[in-house]
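Data from my_file03.cif: mmCIF, C-alpha atoms
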```cif
data_target
#
loop_
_atom_site.label_atom_id
_atom_site.label_comp_id
_atom_site.auth_asym_id
_atom_site.auth_seq_id
_atom_site.Cartn_x
_atom_site.Cartn_y
_atom_site.Cartn_z
CA MET A 518 -12.05 40.99 -53.14
CA SER A 519 -14.08 40.48 -50.02
CA LEU A 520 -14.58 37.23 -48.21
CA ASP A 521 -18.24 37.07 -49.28
CA LYS A 522 -17.30 37.21 -52.96
CA ILE A 523 -14.53 34.61 -52.59
CA LEU A 524 -16.84 32.28 -50.64
CA GLY A 525 -19.67 32.87 -53.09
CA LYS A 526 -17.43 32.09 -56.05
CA LEU A 527 -16.06 28.91 -54.43
CA LEU A 528 -19.34 27.58 -53.08
CA TYR A 529 -22.22 29.04 -55.07
CA GLY A 530 -20.49 28.62 -58.41
CA ARG A 531 -20.61 24.85 -57.98
CA PRO A 532 -23.45 22.49 -58.74
CA ARG A 533 -25.92 21.64 -55.94
CA ARG A 534 -24.49 18.17 -55.43
CA GLU A 535 -20.97 19.53 -54.78
CA GLN A 536 -22.40 22.20 -52.47
CA ALA A 537 -24.11 19.47 -50.42
CA LEU A 538 -20.90 17.42 -50.26
CA LEU A 539 -18.87 20.46 -49.17
CA ALA A 540 -21.48 21.37 -46.54
CA GLY A 541 -21.50 17.76 -45.24
CA GLY A 542 -17.70 17.73 -45.12
CA ALA A 543 -17.65 21.04 -43.23
CA VAL A 544 -20.16 19.68 -40.69
CA ALA A 545 -18.08 16.49 -40.28
CA ILE A 546 -14.91 18.54 -39.74
CA ALA A 547 -16.72 20.79 -37.23
CA VAL A 548 -18.03 17.76 -35.30
CA MET A 549 -14.52 16.21 -35.28
CA LEU A 550 -12.97 19.45 -34.02
CA VAL A 551 -15.56 19.73 -31.23
CA TRP A 552 -14.85 16.11 -30.32
CA LEU A 553 -11.07 16.60 -30.25
CA VAL A 554 -11.04 20.02 -28.59
CA VAL A 555 -13.90 19.68 -26.07
CA VAL A 556 -15.09 16.11 -25.47
CA GLN A 557 -11.76 14.23 -25.37
CA PRO A 558 -10.10 16.56 -22.83
CA ILE A 559 -13.19 16.42 -20.60
CA ASN A 560 -13.15 12.60 -20.74
CA GLY A 561 -9.44 12.61 -19.88
CA LEU A 562 -10.01 14.91 -16.91
CA ARG A 563 -12.87 12.70 -15.68
CA ASP A 564 -10.70 9.58 -15.94
CA ASN A 565 -7.84 11.30 -14.09
CA ALA A 566 -10.26 12.42 -11.37
CA ARG A 567 -11.53 8.84 -10.98
CA GLN A 568 -7.98 7.52 -10.64
CA THR A 569 -7.08 10.21 -8.13
CA LEU A 570 -10.21 9.44 -6.11
CA ALA A 571 -9.41 5.72 -6.11
CA ARG A 572 -5.82 6.37 -4.96
CA THR A 573 -7.04 8.77 -2.27
CA GLN A 574 -9.60 6.26 -1.00
CA LEU A 575 -6.94 3.55 -0.88
CA THR A 576 -4.57 5.83 1.01
CA TYR A 577 -7.34 6.78 3.43
CA ALA A 578 -8.11 3.11 4.09
CA GLU A 579 -4.42 2.38 4.77
CA VAL A 580 -4.11 5.38 7.10
CA ASP A 581 -7.27 4.33 8.90
CA GLN A 582 -5.88 0.82 9.45
CA LEU A 583 -2.53 2.19 10.61
CA ALA A 584 -4.26 4.56 13.02
CA ALA A 585 -6.20 1.67 14.52
CA ARG A 586 -2.99 -0.36 14.87
CA LEU A 587 -1.25 2.64 16.42
CA GLU A 588 -3.98 3.11 19.01
CA ALA A 589 -3.91 -0.59 19.85
CA SER A 590 -0.12 -0.66 20.15
CA ARG A 591 -0.09 2.49 22.30
CA GLY A 592 -2.55 0.86 24.67
CA ASN A 593 -0.42 -2.29 24.82
CA ALA A 594 2.78 -0.28 25.32
CA THR A 595 1.24 1.66 28.20
CA GLN A 596 0.12 -1.57 29.85
CA GLN A 597 3.54 -3.18 29.36
CA ARG A 598 5.36 -0.13 30.66
CA SER A 599 3.22 0.08 33.77
CA ALA A 600 3.60 -3.67 34.32
CA ARG A 601 7.39 -3.65 34.10
CA GLY A 602 7.84 -0.26 35.79
CA GLY A 603 10.93 0.68 33.74
CA SER A 604 12.25 4.20 33.64
CA MET A 605 12.35 6.45 30.60
CA THR A 606 16.15 6.14 30.47
CA GLU A 607 15.94 2.35 30.35
CA LEU A 608 13.29 2.52 27.66
CA ILE A 609 15.40 4.85 25.49
CA ASP A 610 18.56 2.82 26.03
CA SER A 611 16.97 -0.54 25.23
CA SER A 612 15.20 0.77 22.12
CA LEU A 613 18.40 2.41 20.85
CA ARG A 614 20.33 -0.82 21.33
CA ALA A 615 17.58 -2.76 19.56
CA GLN A 616 17.99 -0.49 16.52
CA GLY A 617 21.80 -0.62 16.66
CA LEU A 618 22.15 3.10 17.38
CA SER A 619 24.78 4.69 19.60
CA ILE A 620 23.95 7.53 21.93
CA ARG A 621 26.11 10.61 22.31
CA GLY A 622 24.25 11.92 25.33
CA ILE A 623 21.08 11.69 27.36
CA GLN A 624 20.06 14.34 29.84
CA PRO A 625 16.95 14.61 31.99
CA GLY A 626 14.89 17.75 31.59
CA GLN A 627 11.98 19.30 33.40
CA GLN A 628 8.75 17.42 34.12
CA GLY A 629 9.98 14.00 33.00
CA GLU A 630 11.45 15.10 29.69
CA MET A 631 14.67 13.62 28.31
CA PHE A 632 17.10 15.22 25.88
CA VAL A 633 18.68 12.62 23.61
CA ARG A 634 21.60 13.15 21.22
CA LEU A 635 22.66 10.42 18.82
CA GLU A 636 26.00 9.89 17.13
CA ALA A 637 26.03 9.83 13.32
CA SER A 638 23.48 7.13 12.57
CA PRO A 639 21.88 5.55 9.50
CA THR A 640 18.78 7.51 8.55
CA GLN A 641 16.52 4.45 8.24
CA ALA A 642 17.49 3.19 11.70
CA VAL A 643 16.75 6.64 13.15
CA TRP A 644 13.29 6.65 11.54
CA ARG A 645 12.58 3.14 12.89
CA TRP A 646 13.69 4.20 16.39
CA LEU A 647 11.51 7.34 16.30
CA TYR A 648 8.54 5.25 15.15
CA GLU A 649 9.13 2.72 17.92
CA MET A 650 9.42 5.44 20.55
CA GLU A 651 6.29 7.29 19.48
CA ALA A 652 3.98 4.58 18.16
CA VAL A 653 4.94 1.56 20.24
CA ALA A 654 6.31 2.99 23.48
CA GLY A 655 3.92 5.93 23.56
CA VAL A 656 6.65 8.55 24.05
CA THR A 657 5.86 12.06 22.83
CA ILE A 658 8.46 13.76 20.66
CA ASN A 659 8.26 17.40 21.71
CA GLU A 660 11.22 18.68 19.72
CA LEU A 661 13.31 17.09 17.00
CA THR A 662 16.39 18.29 15.14
CA ILE A 663 17.96 16.15 12.44
CA ASN A 664 21.11 17.29 10.65
CA PRO A 665 22.88 15.57 7.77
CA THR A 666 26.44 14.37 8.13
CA GLU A 667 29.21 14.28 5.58
CA LYS A 668 28.49 10.58 5.07
CA GLU A 669 25.51 10.18 2.76
CA GLY A 670 22.50 8.50 4.38
CA TRP A 671 23.64 9.28 7.94
CA VAL A 672 22.28 11.94 10.30
CA LEU A 673 22.83 13.51 13.71
CA LEU A 674 19.76 13.67 15.93
CA THR A 675 18.78 15.73 18.93
CA ALA A 676 15.34 15.09 20.44
CA ARG A 677 13.33 16.18 23.44
CA LEU A 678 11.14 13.26 24.54
CA GLU A 679 8.39 13.06 27.10
CA GLN A 680 6.94 9.89 28.55
CA ALA A 681 3.19 9.52 28.15
CA ARG A 682 1.24 9.82 31.36
#
```

Could you show the structure in this file as structure tokens?
Amino acid sequence: MSLDKILGKLLYGRPRREQALLAGGAVAIAVMLVWLVVVQPINGLRDNARQTLARTQLTYAEVDQLAARLEASRGNATQQRSARGGSMTELIDSSLRAQGLSIRGIQPGQQGEMFVRLEASPTQAVWRWLYEMEAVAGVTINELTINPTEKEGWVLLTARLEQAR
């Protein structure tokens, strides 16, 4: 039996009222399927896009504020450094001591650069020191190598720093 004959027997063999009810039910099922398969996923994607946009805008605003603070602090650090006339070695030493870090070695390089090696140090303290050196003191980090130690959460650091001019 072909599909036409089966469909004809099921649908056309029924009274008009049942045919109308079946047709209405088929339309309702088709509308529900379109809603579930097409409209709902599109609404979900739109909502996700709105949330992503809101998070991105918030992040951008935070970065913008931090950039402004960084520029202001760099200007202040340059003024303070020129006012006190301290050397790069003194700056590195005092900032390391402020963070509780111990130095393995410091060596002057070419054109005012300094090579700094730290003993095994807590990772968070190293990040704070690097932030202070770059953002507050205005030192440029030209090269940075960080290696993990056997002790979890501790690292060895080697950095090539250059004082801002």

Point out the residue among A:Glu669, A:Glu649, A:Glu535, A:Asp564 with the least atom-to-atom distance to A:Leu587, counting all atoms listed in the file.
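Under the stated criterion, the closest residue is A:Glu649.
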
Residues in the PyMOL selection byres ((chain A and resi 626-631) around 6), expressed as a list in words
Gln624, Pro625, Phe632, Arg677, Leu678 and Glu679 of chain A

Between atom CA of A:Gly622 and atom CA of A:Glu660, what is the distance in Å, rounded to a tenth?
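Between atom CA of A:Gly622 and atom CA of A:Glu660 the gap works out to 15.7 Å.
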
Nearest to A:Leu618, chosen from A:Leu647, A:Leu527, A:Ala545, A:Met605, with all atoms listed in the file counted in the distances:
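For A:Leu618, the nearest of the candidates is A:Leu647.
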
Do you have the atom CA of A:Val633-atom CA of A:Leu674 distance handy?
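A separation of 7.8 Å between them.
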
Students should find that atom CA of A:Thr657 and atom CA of A:Gln680 are spaced 6.2 Å

Using only C-alpha atoms, find the one residue out of A:Val653, A:Ala637, A:Leu575, A:Ala681 that sits nearest to A:Glu667.
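Of A:Val653, A:Ala637, A:Leu575, A:Ala681, the one nearest A:Glu667 is A:Ala637, counting only C-alpha atoms.
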
List every protein, DNA or RNA residue with an atom no more than 10 Å from (24.0, 7.3, 0.2) in the file's coordinates, counting all atoms listed in the file, and format the result as a PyMOL selection string.
chain A and resi 639-640+668-671
